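Data file: entry_26.pdb. Format and content: PDB, C-alpha atoms.
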MODEL        1
ATOM      1  CA  MET A   1       9.710  29.350  12.819  1.00  0.00           C
ATOM      2  CA  ASP A   2       7.391  30.748  10.223  1.00  0.00           C
ATOM      3  CA  GLN A   3       6.618  29.135   6.863  1.00  0.00           C
ATOM      4  CA  SER A   4       9.339  31.050   4.998  1.00  0.00           C
ATOM      5  CA  GLU A   5      12.046  29.985   7.424  1.00  0.00           C
ATOM      6  CA  ILE A   6      10.875  26.372   7.346  1.00  0.00           C
ATOM      7  CA  MET A   7      10.981  26.389   3.522  1.00  0.00           C
ATOM      8  CA  ALA A   8      14.464  27.928   3.516  1.00  0.00           C
ATOM      9  CA  ARG A   9      15.745  25.394   6.029  1.00  0.00           C
ATOM     10  CA  MET A  10      14.316  22.451   4.079  1.00  0.00           C
ATOM     11  CA  ILE A  11      15.902  23.719   0.859  1.00  0.00           C
ATOM     12  CA  ASP A  12      19.275  24.339   2.520  1.00  0.00           C
ATOM     13  CA  TRP A  13      19.299  21.179   4.684  1.00  0.00           C
ATOM     14  CA  PRO A  14      22.292  18.969   3.791  1.00  0.00           C
ATOM     15  CA  VAL A  15      21.272  15.562   2.416  1.00  0.00           C
ATOM     16  CA  ALA A  16      22.757  13.060   0.023  1.00  0.00           C
ATOM     17  CA  SER A  17      21.781  14.106  -3.491  1.00  0.00           C
ATOM     18  CA  GLN A  18      20.548  10.629  -4.382  1.00  0.00           C
ATOM     19  CA  SER A  19      18.914   9.033  -1.386  1.00  0.00           C
ATOM     20  CA  GLU A  20      18.356   5.296  -1.359  1.00  0.00           C
ATOM     21  CA  GLY A  21      15.117   4.550  -3.128  1.00  0.00           C
ATOM     22  CA  GLY A  22      14.873   7.942  -4.843  1.00  0.00           C
ATOM     23  CA  TRP A  23      11.460   9.579  -4.512  1.00  0.00           C
ATOM     24  CA  TYR A  24       9.991   6.458  -2.899  1.00  0.00           C
ATOM     25  CA  GLY A  25      12.666   6.466  -0.207  1.00  0.00           C
ATOM     26  CA  ALA A  26      12.032  10.159   0.476  1.00  0.00           C
ATOM     27  CA  LEU A  27       8.260   9.685   0.660  1.00  0.00           C
ATOM     28  CA  SER A  28       8.780   6.618   2.845  1.00  0.00           C
ATOM     29  CA  ALA A  29      10.970   8.671   5.211  1.00  0.00           C
ATOM     30  CA  TYR A  30       8.166  11.272   5.376  1.00  0.00           C
ATOM     31  CA  ALA A  31       5.725   8.478   6.273  1.00  0.00           C
ATOM     32  CA  ASP A  32       8.141   7.235   8.970  1.00  0.00           C
ATOM     33  CA  CYS A  33       8.247  10.738  10.472  1.00  0.00           C
ATOM     34  CA  LEU A  34       4.459  10.926  10.504  1.00  0.00           C
ATOM     35  CA  ALA A  35       4.172   7.497  12.090  1.00  0.00           C
ATOM     36  CA  ALA A  36       6.532   8.623  14.863  1.00  0.00           C
ATOM     37  CA  VAL A  37       4.441  11.686  15.768  1.00  0.00           C
ATOM     38  CA  GLN A  38       0.924  10.599  14.824  1.00  0.00           C
ATOM     39  CA  SER A  39      -0.143  10.039  18.431  1.00  0.00           C
ATOM     40  CA  ALA A  40       0.505  13.740  19.114  1.00  0.00           C
ATOM     41  CA  LEU A  41      -1.572  14.879  16.118  1.00  0.00           C
ATOM     42  CA  SER A  42      -5.292  15.381  15.897  1.00  0.00           C
ATOM     43  CA  GLU A  43      -7.203  13.521  13.194  1.00  0.00           C
ATOM     44  CA  ALA A  44      -7.482  16.783  11.229  1.00  0.00           C
ATOM     45  CA  GLU A  45      -3.719  17.425  11.509  1.00  0.00           C
ATOM     46  CA  MET A  46      -2.916  13.875  10.400  1.00  0.00           C
ATOM     47  CA  THR A  47      -5.309  14.228   7.465  1.00  0.00           C
ATOM     48  CA  ARG A  48      -3.561  17.443   6.437  1.00  0.00           C
ATOM     49  CA  PHE A  49      -0.106  15.834   6.575  1.00  0.00           C
ATOM     50  CA  LEU A  50      -1.375  12.878   4.518  1.00  0.00           C
ATOM     51  CA  ALA A  51      -2.853  15.282   1.967  1.00  0.00           C
ATOM     52  CA  VAL A  52       0.504  17.072   1.685  1.00  0.00           C
ATOM     53  CA  GLY A  53       2.261  13.740   1.127  1.00  0.00           C
ATOM     54  CA  ALA A  54      -0.260  12.903  -1.591  1.00  0.00           C
ATOM     55  CA  LEU A  55       0.253  16.322  -3.183  1.00  0.00           C
ATOM     56  CA  ILE A  56       4.018  15.840  -3.225  1.00  0.00           C
ATOM     57  CA  TYR A  57       3.585  12.409  -4.775  1.00  0.00           C
ATOM     58  CA  ARG A  58       1.152  13.628  -7.443  1.00  0.00           C
ATOM     59  CA  ASN A  59       3.328  16.615  -8.385  1.00  0.00           C
ATOM     60  CA  CYS A  60       6.789  15.080  -8.183  1.00  0.00           C
ATOM     61  CA  CYS A  61       6.594  11.320  -8.410  1.00  0.00           C
ATOM     62  CA  GLU A  62       3.456   9.894  -9.974  1.00  0.00           C
ATOM     63  CA  GLU A  63       4.586   9.750 -13.606  1.00  0.00           C
ATOM     64  CA  GLU A  64       7.884   8.073 -12.765  1.00  0.00           C
ATOM     65  CA  ALA A  65       6.078   5.673 -10.439  1.00  0.00           C
ATOM     66  CA  LYS A  66       3.727   4.606 -13.219  1.00  0.00           C
ATOM     67  CA  GLU A  67       6.686   4.001 -15.528  1.00  0.00           C
ATOM     68  CA  ARG A  68       8.964   2.171 -13.109  1.00  0.00           C
ATOM     69  CA  TRP A  69       7.002   0.659 -10.235  1.00  0.00           C
ATOM     70  CA  THR A  70       4.102  -1.725  -9.980  1.00  0.00           C
ATOM     71  CA  PRO A  71       2.118  -1.693  -6.717  1.00  0.00           C
ATOM     72  CA  GLU A  72       3.697  -5.075  -5.933  1.00  0.00           C
ATOM     73  CA  ALA A  73       7.215  -3.715  -6.485  1.00  0.00           C
ATOM     74  CA  MET A  74       6.525  -0.752  -4.179  1.00  0.00           C
ATOM     75  CA  ALA A  75       5.229  -3.074  -1.464  1.00  0.00           C
ATOM     76  CA  ALA A  76       8.230  -5.383  -1.861  1.00  0.00           C
ATOM     77  CA  PHE A  77      10.660  -2.442  -1.647  1.00  0.00           C
ATOM     78  CA  HIS A  78       9.000  -1.186   1.516  1.00  0.00           C
ATOM     79  CA  ARG A  79       9.126  -4.629   3.156  1.00  0.00           C
ATOM     80  CA  LYS A  80      12.886  -4.905   2.413  1.00  0.00           C
ATOM     81  CA  ARG A  81      13.755  -1.720   4.327  1.00  0.00           C
ATOM     82  CA  PRO A  82      15.518  -2.460   7.622  1.00  0.00           C
ATOM     83  CA  ALA A  83      13.507  -1.708  10.751  1.00  0.00           C
ATOM     84  CA  GLY A  84      14.027   1.875  11.908  1.00  0.00           C
ATOM     85  CA  ALA A  85      15.482   2.991   8.580  1.00  0.00           C
TER      86      ALA A  85
ENDMDL
END

Hey, can you dump this file as structure tokens for me?
Amino acid sequence: MDQSEIMARMIDWPVASQSEGGWYGALSAYADCLAAVQSALSEAEMTRFLAVGALIYRNCCEEEAKERWTPEAMAAFHRKRPAGA
């Protein structure tokens, strides 16, 4: 797949409109995916994926996070997630 097809598939992919945990749950799922494949990635590839996650956070989530979540609350939410979720 090229970049255009990947973008189209992500946009069209069926998901629940309000996932559990909102943006934090979505970013956490992204982190779970990276953790699952990190052994197959080079350090440069992993760095790039982390940078993309940071970019998504900064552009889509940061303001809401500052308003609603303390670092402690984010850590507590993450610890409450069931294993493998």

* Go through A:Tyr24, A:Ser39, A:Asp2, A:Cys33 one by one, measure the shortest atom-to-atom distance of each to Glu64 in chain A using all atoms listed in the file, and give the residue with the smallest value. =>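 Once distances to Glu64 in chain A are computed over all atoms listed in the file, the minimum belongs to A:Tyr24.
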
* In Å, with one decimal, what is the gap from CA of Ala65 in chain A to CA of Ala36 in chain A? ->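 The value is 25.5 Å.
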
* To do: Would you kindly return, as a count of residues only, each protein, DNA or RNA residue with an atom no farther than 10 Å from any atom of range 43-54 of chain A, considering only C-alpha atoms and excluding same-chain residues fewer than 5 positions away?
  => 12

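Of the residues listed (A:Ile56, A:Met7, A:Ala76, A:Ala40), A:Ile56 shows the shortest atom-to-atom separation from Trp23 in chain A; distances use only C-alpha atoms.
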
* Interatomic distance, CA of Trp69 in chain A to CA of Gly22 in chain A (Å, one decimal) ->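 Distance reported for this atom pair: 12.0 Å.
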
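Shortest atom-to-atom contact with Ala73 in chain A among A:Ala29, A:Arg9, A:Gly21, A:Leu41: A:Gly21, counting all atoms listed in the file.
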
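Separating CA of Ala26 in chain A from CA of Ser42 in chain A is a distance of 23.8 Å.
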